[in-house]
$ cat query_14.txt   # compact mmCIF, C-alpha atoms and all ligand atoms
# COMPACT_ATOMS: atom_id res chain seq x y z
CA MET G 29 -135.86 -27.56 111.23
CA PHE G 30 -137.80 -30.61 110.06
CA ASN G 31 -135.77 -33.80 109.49
CA LEU G 32 -137.32 -36.79 107.84
CA ILE G 33 -136.10 -40.29 106.99
CA LEU G 34 -137.63 -41.98 103.96
CA PHE G 35 -137.18 -45.68 104.56
CA GLY G 36 -137.88 -48.85 102.58
CA PRO G 37 -136.36 -51.73 100.65
CA PRO G 38 -134.42 -51.25 97.39
CA GLY G 39 -136.81 -50.11 94.69
CA SER G 40 -139.54 -49.04 97.11
CA GLY G 41 -139.57 -45.56 95.59
CA LYS G 42 -137.42 -43.62 98.05
CA GLY G 43 -135.57 -41.74 95.31
CA THR G 44 -138.76 -41.17 93.29
CA GLN G 45 -140.74 -39.76 96.22
CA SER G 46 -137.77 -37.78 97.60
CA GLU G 47 -137.66 -35.65 94.46
CA LYS G 48 -141.30 -34.66 94.92
CA LEU G 49 -141.02 -34.14 98.68
CA ILE G 50 -138.00 -31.84 98.54
CA SER G 51 -139.74 -29.74 95.96
CA ARG G 52 -142.88 -29.38 98.11
CA TYR G 53 -141.22 -28.88 101.50
CA GLY G 54 -137.90 -27.22 100.60
CA LEU G 55 -135.84 -29.84 102.43
CA LYS G 56 -132.22 -30.65 101.57
CA HIS G 57 -132.12 -34.10 99.92
CA LEU G 58 -129.34 -36.36 101.24
CA SER G 59 -129.32 -39.64 99.32
CA THR G 60 -126.34 -41.85 100.13
CA GLY G 61 -127.01 -43.84 96.92
CA ASP G 62 -126.76 -40.64 94.83
CA LEU G 63 -123.68 -39.44 96.73
CA LEU G 64 -121.96 -42.80 96.16
CA ARG G 65 -122.91 -42.90 92.45
CA HIS G 66 -121.48 -39.38 92.11
CA GLU G 67 -118.16 -40.62 93.53
CA ILE G 68 -118.24 -43.58 91.11
CA THR G 69 -118.84 -41.29 88.12
CA ARG G 70 -115.85 -39.15 89.16
CA ASN G 71 -113.81 -42.34 89.63
CA THR G 72 -112.51 -41.22 93.04
CA PRO G 73 -110.85 -43.74 95.41
CA LEU G 74 -114.04 -43.66 97.52
CA GLY G 75 -116.10 -44.32 94.37
CA GLN G 76 -113.89 -47.25 93.36
CA GLU G 77 -114.25 -48.78 96.82
CA ALA G 78 -118.04 -48.21 96.87
CA LYS G 79 -118.50 -49.74 93.40
CA SER G 80 -116.96 -53.03 94.47
CA PHE G 81 -119.67 -53.39 97.14
CA MET G 82 -122.59 -51.96 95.17
CA ASP G 83 -121.99 -54.21 92.15
CA LYS G 84 -122.43 -57.26 94.41
CA GLY G 85 -125.59 -55.87 95.99
CA SER G 86 -123.79 -55.39 99.34
CA LEU G 87 -123.94 -52.37 101.59
CA VAL G 88 -120.95 -50.02 101.50
CA PRO G 89 -119.00 -50.02 104.84
CA ASP G 90 -120.54 -47.85 107.58
CA GLU G 91 -117.51 -45.61 108.11
CA VAL G 92 -117.51 -44.55 104.44
CA VAL G 93 -121.18 -43.64 104.41
CA ILE G 94 -121.20 -41.97 107.85
CA SER G 95 -118.29 -39.69 106.99
CA MET G 96 -119.99 -38.75 103.71
CA ILE G 97 -123.17 -37.74 105.58
CA GLY G 98 -121.15 -35.85 108.22
CA SER G 99 -119.55 -33.74 105.48
CA ALA G 100 -122.89 -33.16 103.74
CA LEU G 101 -124.45 -31.91 107.00
CA ASP G 102 -121.53 -29.53 107.53
CA GLU G 103 -121.83 -28.21 103.99
CA ASN G 104 -125.54 -27.42 104.43
CA GLN G 105 -125.66 -25.46 107.70
CA ASP G 106 -128.49 -23.23 106.42
CA ALA G 107 -130.88 -26.01 105.38
CA LYS G 108 -134.52 -25.77 106.57
CA GLY G 109 -134.37 -29.48 107.22
CA PHE G 110 -133.02 -32.71 105.75
CA LEU G 111 -134.64 -35.57 103.90
CA PHE G 112 -132.49 -38.67 104.46
CA ASP G 113 -133.00 -41.12 101.59
CA GLY G 114 -131.38 -44.55 101.88
CA PHE G 115 -129.68 -43.58 105.15
CA PRO G 116 -129.41 -44.87 107.84
CA ARG G 117 -129.24 -48.46 106.56
CA THR G 118 -127.67 -50.16 109.62
CA SER G 119 -128.03 -49.68 113.39
CA THR G 120 -124.47 -48.27 113.49
CA GLN G 121 -125.47 -45.65 110.91
CA ALA G 122 -128.64 -44.83 112.90
CA GLU G 123 -126.66 -44.26 116.12
CA ALA G 124 -124.10 -42.15 114.24
CA LEU G 125 -126.86 -40.01 112.71
CA ASP G 126 -128.41 -39.39 116.12
CA LYS G 127 -125.05 -38.17 117.42
CA LEU G 128 -124.52 -35.89 114.41
CA LEU G 129 -128.00 -34.40 114.80
CA GLU G 130 -127.59 -34.02 118.58
CA LEU G 131 -124.65 -31.71 117.89
CA LYS G 132 -127.01 -29.62 115.75
CA LYS G 133 -129.76 -29.88 118.40
CA THR G 134 -132.24 -31.01 115.75
CA PRO G 135 -133.77 -34.50 115.95
CA ILE G 136 -135.46 -36.77 113.40
CA ALA G 137 -139.16 -35.82 113.33
CA VAL G 138 -140.42 -38.98 111.64
CA MET G 139 -139.41 -42.06 109.67
CA LEU G 140 -141.82 -42.77 106.81
CA ALA G 141 -141.43 -46.42 105.82
CA LEU G 142 -142.61 -47.44 102.34
CA ASP G 143 -144.26 -50.85 102.31
CA VAL G 144 -143.90 -52.72 98.97
CA SER G 145 -144.12 -56.45 98.20
CA GLU G 146 -140.99 -58.30 97.06
CA ASP G 147 -142.51 -59.21 93.66
CA GLU G 148 -143.19 -55.54 92.96
CA LEU G 149 -139.65 -54.51 94.03
CA LEU G 150 -138.08 -57.04 91.69
CA LYS G 151 -140.31 -55.96 88.82
CA ARG G 152 -139.53 -52.25 89.30
CA LEU G 153 -135.78 -52.72 89.56
CA LEU G 154 -135.56 -55.00 86.52
CA ILE G 155 -137.52 -52.43 84.50
CA ARG G 156 -135.23 -49.64 85.71
CA GLY G 157 -132.21 -51.81 84.81
CA GLU G 158 -133.28 -51.75 81.15
CA THR G 159 -132.61 -48.02 80.93
CA SER G 160 -130.73 -46.74 84.00
CA GLY G 161 -127.28 -48.07 83.17
CA ARG G 162 -127.04 -49.01 86.85
CA SER G 163 -125.02 -52.21 87.13
CA ASP G 164 -126.81 -53.14 90.36
CA ASP G 165 -130.23 -53.21 88.62
CA THR G 166 -129.58 -55.44 85.63
CA ASN G 167 -128.98 -58.78 87.32
CA GLU G 168 -131.76 -60.52 89.25
CA GLN G 169 -129.25 -62.22 91.57
CA VAL G 170 -127.75 -58.85 92.56
CA ILE G 171 -131.22 -57.40 93.17
CA ARG G 172 -132.06 -60.39 95.38
CA ALA G 173 -128.76 -59.83 97.26
CA ARG G 174 -129.77 -56.20 97.87
CA ILE G 175 -133.15 -57.30 99.21
CA LYS G 176 -131.39 -59.84 101.46
CA GLU G 177 -129.04 -57.10 102.80
CA TYR G 178 -132.17 -55.09 103.56
CA HIS G 179 -133.68 -57.95 105.58
CA ASP G 180 -130.40 -58.84 107.33
CA LYS G 181 -129.06 -55.37 108.18
CA THR G 182 -131.50 -52.58 107.40
CA LEU G 183 -134.89 -53.69 108.72
CA VAL G 184 -133.56 -53.36 112.32
CA VAL G 185 -133.17 -49.62 111.75
CA ALA G 186 -136.98 -49.32 111.83
CA ASP G 187 -136.97 -51.12 115.22
CA TYR G 188 -134.45 -48.55 116.46
CA TYR G 189 -136.76 -45.61 115.59
CA ARG G 190 -139.87 -47.51 116.73
CA LYS G 191 -138.49 -47.31 120.29
CA PHE G 192 -138.92 -43.53 119.97
CA ARG G 193 -142.37 -43.89 118.31
CA LYS G 194 -141.12 -42.26 115.14
CA VAL G 195 -142.03 -44.89 112.53
CA VAL G 196 -145.06 -44.59 110.26
CA MET G 197 -145.75 -47.29 107.67
CA VAL G 198 -147.03 -46.01 104.33
CA ASN G 199 -148.44 -48.15 101.53
CA GLY G 200 -145.79 -47.82 98.77
CA GLU G 201 -147.85 -49.48 96.01
CA GLY G 202 -150.07 -47.66 93.54
CA SER G 203 -149.41 -44.57 91.46
CA VAL G 204 -146.49 -42.27 92.29
CA ASP G 205 -148.94 -39.41 92.90
CA ASN G 206 -151.15 -41.42 95.25
CA ILE G 207 -148.15 -42.52 97.30
CA PHE G 208 -146.94 -38.91 97.39
CA GLN G 209 -150.34 -37.80 98.79
CA ARG G 210 -150.12 -40.46 101.51
CA LEU G 211 -146.66 -39.23 102.51
CA CYS G 212 -147.76 -35.57 102.51
CA ILE G 213 -150.68 -36.33 104.84
CA GLU G 214 -148.25 -37.83 107.37
CA ILE G 215 -145.79 -34.93 107.08
CA ASP G 216 -148.45 -32.23 107.29
CA SER G 217 -149.84 -33.73 110.49
CA ARG G 218 -146.42 -33.40 112.14
CA ARG G 219 -145.09 -30.03 111.05
P1 LIG U 1 -130.12 -46.46 96.64
O1 LIG U 1 -129.56 -45.48 95.69
O2 LIG U 1 -130.54 -45.96 97.98
O3 LIG U 1 -131.36 -47.02 95.82
P2 LIG U 1 -132.46 -48.09 95.94
O4 LIG U 1 -132.66 -48.51 97.37
O5 LIG U 1 -132.06 -49.13 94.99
O6 LIG U 1 -133.80 -47.50 95.33
P3 LIG U 1 -135.00 -46.52 95.75
O7 LIG U 1 -135.84 -47.01 96.88
O8 LIG U 1 -134.48 -45.11 95.87
O9 LIG U 1 -135.94 -46.67 94.48
P4 LIG U 1 -136.39 -45.68 93.35
O10 LIG U 1 -137.21 -44.54 93.84
O11 LIG U 1 -135.20 -45.30 92.57
O12 LIG U 1 -129.07 -47.66 96.91
C1 LIG U 1 -128.23 -48.25 95.94
C2 LIG U 1 -127.03 -48.96 96.59
O13 LIG U 1 -126.14 -47.98 97.21
C3 LIG U 1 -127.30 -49.94 97.73
O14 LIG U 1 -127.64 -51.23 97.26
C4 LIG U 1 -125.96 -49.92 98.52
O15 LIG U 1 -124.98 -50.76 97.92
C5 LIG U 1 -125.50 -48.49 98.39
N1 LIG U 1 -125.88 -47.65 99.53
C6 LIG U 1 -126.74 -46.59 99.49
N2 LIG U 1 -126.90 -46.05 100.72
C7 LIG U 1 -126.14 -46.79 101.57
C8 LIG U 1 -125.93 -46.75 102.98
N3 LIG U 1 -126.53 -45.84 103.77
N4 LIG U 1 -125.10 -47.66 103.55
C9 LIG U 1 -124.48 -48.58 102.78
N5 LIG U 1 -124.66 -48.70 101.44
C10 LIG U 1 -125.49 -47.81 100.82
O16 LIG U 1 -137.38 -46.59 92.51
C11 LIG U 1 -136.97 -47.77 91.85
C12 LIG U 1 -137.71 -47.92 90.52
O17 LIG U 1 -139.11 -48.05 90.75
C13 LIG U 1 -137.55 -46.71 89.59
O18 LIG U 1 -137.33 -47.17 88.29
C14 LIG U 1 -138.88 -45.98 89.69
O19 LIG U 1 -139.22 -45.30 88.50
C15 LIG U 1 -139.84 -47.12 89.96
N6 LIG U 1 -140.97 -46.69 90.77
C16 LIG U 1 -140.94 -45.84 91.84
N7 LIG U 1 -142.18 -45.68 92.35
C17 LIG U 1 -143.02 -46.48 91.59
C18 LIG U 1 -144.43 -46.75 91.63
N8 LIG U 1 -145.25 -46.18 92.52
N9 LIG U 1 -144.93 -47.63 90.72
C19 LIG U 1 -144.12 -48.21 89.80
N10 LIG U 1 -142.77 -47.98 89.70
C20 LIG U 1 -142.24 -47.12 90.59
$ encode --input "query_14.txt" --output "structure tokens"
Amino acid sequence: MFNLILFGPPGSGKGTQSEKLISRYGLKHLSTGDLLRHEITRNTPLGQEAKSFMDKGSLVPDEVVISMIGSALDENQDAKGFLFDGFPRTSTQAEALDKLLELKKTPIAVMLALDVSEDELLKRLLIRGETSGRSDDTNEQVIRARIKEYHDKTLVVADYYRKFRKVVMVNGEGSVDNIFQRLCIEIDSRR
């Protein structure tokens, strides 16, 4: 099994690159953002709760996200490996993921961290907001709140994995294909 975390601020291209990576490496894609948006579309109680946080640019509470990932891992026992996209986003989530993976006796191989400037993030998300219908992309204040959440609560997750020498920084600016090649080089050297 090969488990990978794709890490980076909102709009750094985690979702974009995940699609290409799962297709090349046959990993199971677990995106907490996608899972939450799916709950919102189905208007479930979990989705209604998540929406109230996401619309403000805040993180959804840890217990909600952790239980969602726990179920997704159970439902995909036969996966060749997992690509975690947008998870973990807090130290509590990182510790919970380690425990879940310990039970499966399969650790995180590497965290690939996309490095993108704040100006570029803002530009990308505002452009996406014109067409995505995502309420958290249309308002600059909400986007800035998401970036602030990243600095306040998520950046420490990289420090957590750095202790285990698992973090690799990857330049996340340039064409989608060039960034994909950079990520593949890092993955291929570790498989
Ligand atoms: P996510 O769904 O994880 O999304 P994201 O961080 O906003 O974007 P991502 O990095 O995937 O960017 P993308 O590839 O789409 O989170 C949304 C919200 O869900 C969070 O704010 C939070 O409220 C909640 N949530 C999710 N996970 C959570 C967790 N674990 N705990 C608590 N809350 C959680 O790219 C963005 C745009 O850039 C796209 O339009 C794309 O086309 C463009 N783009 C990509 N690469 C580009 C490139 N190289 N050049 C130019 N544009 C590019």
$ residues_near_ligand --input "query_14.txt" --ligand "ligand LIG 1 (chain U)" --cutoff "8 Å" --atoms "all atoms listed in the file" --output "PyMOL selection string"
chain G and resi 35-46+59-62+64-65+78-79+81-90+93-94+113-118+121+149+152-153+155-157+160+164-165+174+200-205+207
$ write_last_selection --input "query_14.txt" --atoms "C-alpha atoms" --output "compact mmCIF listing (two decimals), keeping the file's coordinate frame"
# COMPACT_ATOMS: atom_id res chain seq x y z
CA PHE G 35 -137.18 -45.68 104.56
CA GLY G 36 -137.88 -48.85 102.58
CA PRO G 37 -136.36 -51.73 100.65
CA PRO G 38 -134.42 -51.25 97.39
CA GLY G 39 -136.81 -50.11 94.69
CA SER G 40 -139.54 -49.04 97.11
CA GLY G 41 -139.57 -45.56 95.59
CA LYS G 42 -137.42 -43.62 98.05
CA GLY G 43 -135.57 -41.74 95.31
CA THR G 44 -138.76 -41.17 93.29
CA GLN G 45 -140.74 -39.76 96.22
CA SER G 46 -137.77 -37.78 97.60
CA SER G 59 -129.32 -39.64 99.32
CA THR G 60 -126.34 -41.85 100.13
CA GLY G 61 -127.01 -43.84 96.92
CA ASP G 62 -126.76 -40.64 94.83
CA LEU G 64 -121.96 -42.80 96.16
CA ARG G 65 -122.91 -42.90 92.45
CA ALA G 78 -118.04 -48.21 96.87
CA LYS G 79 -118.50 -49.74 93.40
CA PHE G 81 -119.67 -53.39 97.14
CA MET G 82 -122.59 -51.96 95.17
CA ASP G 83 -121.99 -54.21 92.15
CA LYS G 84 -122.43 -57.26 94.41
CA GLY G 85 -125.59 -55.87 95.99
CA SER G 86 -123.79 -55.39 99.34
CA LEU G 87 -123.94 -52.37 101.59
CA VAL G 88 -120.95 -50.02 101.50
CA PRO G 89 -119.00 -50.02 104.84
CA ASP G 90 -120.54 -47.85 107.58
CA VAL G 93 -121.18 -43.64 104.41
CA ILE G 94 -121.20 -41.97 107.85
CA ASP G 113 -133.00 -41.12 101.59
CA GLY G 114 -131.38 -44.55 101.88
CA PHE G 115 -129.68 -43.58 105.15
CA PRO G 116 -129.41 -44.87 107.84
CA ARG G 117 -129.24 -48.46 106.56
CA THR G 118 -127.67 -50.16 109.62
CA GLN G 121 -125.47 -45.65 110.91
CA LEU G 149 -139.65 -54.51 94.03
CA ARG G 152 -139.53 -52.25 89.30
CA LEU G 153 -135.78 -52.72 89.56
CA ILE G 155 -137.52 -52.43 84.50
CA ARG G 156 -135.23 -49.64 85.71
CA GLY G 157 -132.21 -51.81 84.81
CA SER G 160 -130.73 -46.74 84.00
CA ASP G 164 -126.81 -53.14 90.36
CA ASP G 165 -130.23 -53.21 88.62
CA ARG G 174 -129.77 -56.20 97.87
CA GLY G 200 -145.79 -47.82 98.77
CA GLU G 201 -147.85 -49.48 96.01
CA GLY G 202 -150.07 -47.66 93.54
CA SER G 203 -149.41 -44.57 91.46
CA VAL G 204 -146.49 -42.27 92.29
CA ASP G 205 -148.94 -39.41 92.90
CA ILE G 207 -148.15 -42.52 97.30
$ atom_distance --input "query_14.txt" --atom1 "CA of Phe110 (chain G)" --atom2 "CA of Ile33 (chain G)"
8.3 Å
$ residues_around --input "query_14.txt" --residues "Gly75 (chain G)" --least-positions-apart "5" --cutoff "8 Å" --atoms "only C-alpha atoms" --output "number ranges by chain"
G: 64-70
$ atom_distance --input "query_14.txt" --atom1 "CA of Tyr188 (chain G)" --atom2 "CA of Leu142 (chain G)"
16.3 Å
$ axis_aligned_box --input "query_14.txt" --around "region 124-136 of chain G" --padding-each-side "8 Å" --output "AutoDock Vina command-line options"
--center_x -129.8 --center_y -35.9 --center_z 115.6 --size_x 27.4 --size_y 28.5 --size_z 21.9
$ closest_residue --input "query_14.txt" --among "G:Ser145, G:Gln105, G:Gln76, G:Asn31" --to "Val92 (chain G)" --atoms "only C-alpha atoms"
G:Gln76
$ closest_residue --input "query_14.txt" --among "G:Glu158, G:Met29, G:Asn104, G:Glu77" --to "Ile136 (chain G)" --atoms "only C-alpha atoms"
G:Met29
$ residues_around --input "query_14.txt" --residues "Ala107 (chain G)" --least-positions-apart "4" --cutoff "10 Å" --atoms "all atoms listed in the file" --output "number ranges by chain"
G: 29-30, 54-57, 101, 103
$ atom_distance --input "query_14.txt" --atom1 "CA of Asp126 (chain G)" --atom2 "CA of Gly98 (chain G)"
11.3 Å
$ closest_residue --input "query_14.txt" --among "G:Thr72, G:Gln209, G:Ser51, G:Ser119" --to "Lys181 (chain G)" --atoms "only C-alpha atoms"
G:Ser119
$ closest_residue --input "query_14.txt" --among "G:Leu129, G:Leu58, G:Leu140, G:Ala122" --to "Phe208 (chain G)" --atoms "all atoms listed in the file"
G:Leu140
$ closest_residue --input "query_14.txt" --among "G:Val170, G:Asn206, G:Ser95, G:Val185" --to "Leu34 (chain G)" --atoms "only C-alpha atoms"
G:Val185
$ closest_residue --input "query_14.txt" --among "G:Met139, G:Leu32, G:Leu150, G:Val195" --to "Ala173 (chain G)" --atoms "all atoms listed in the file"
G:Leu150
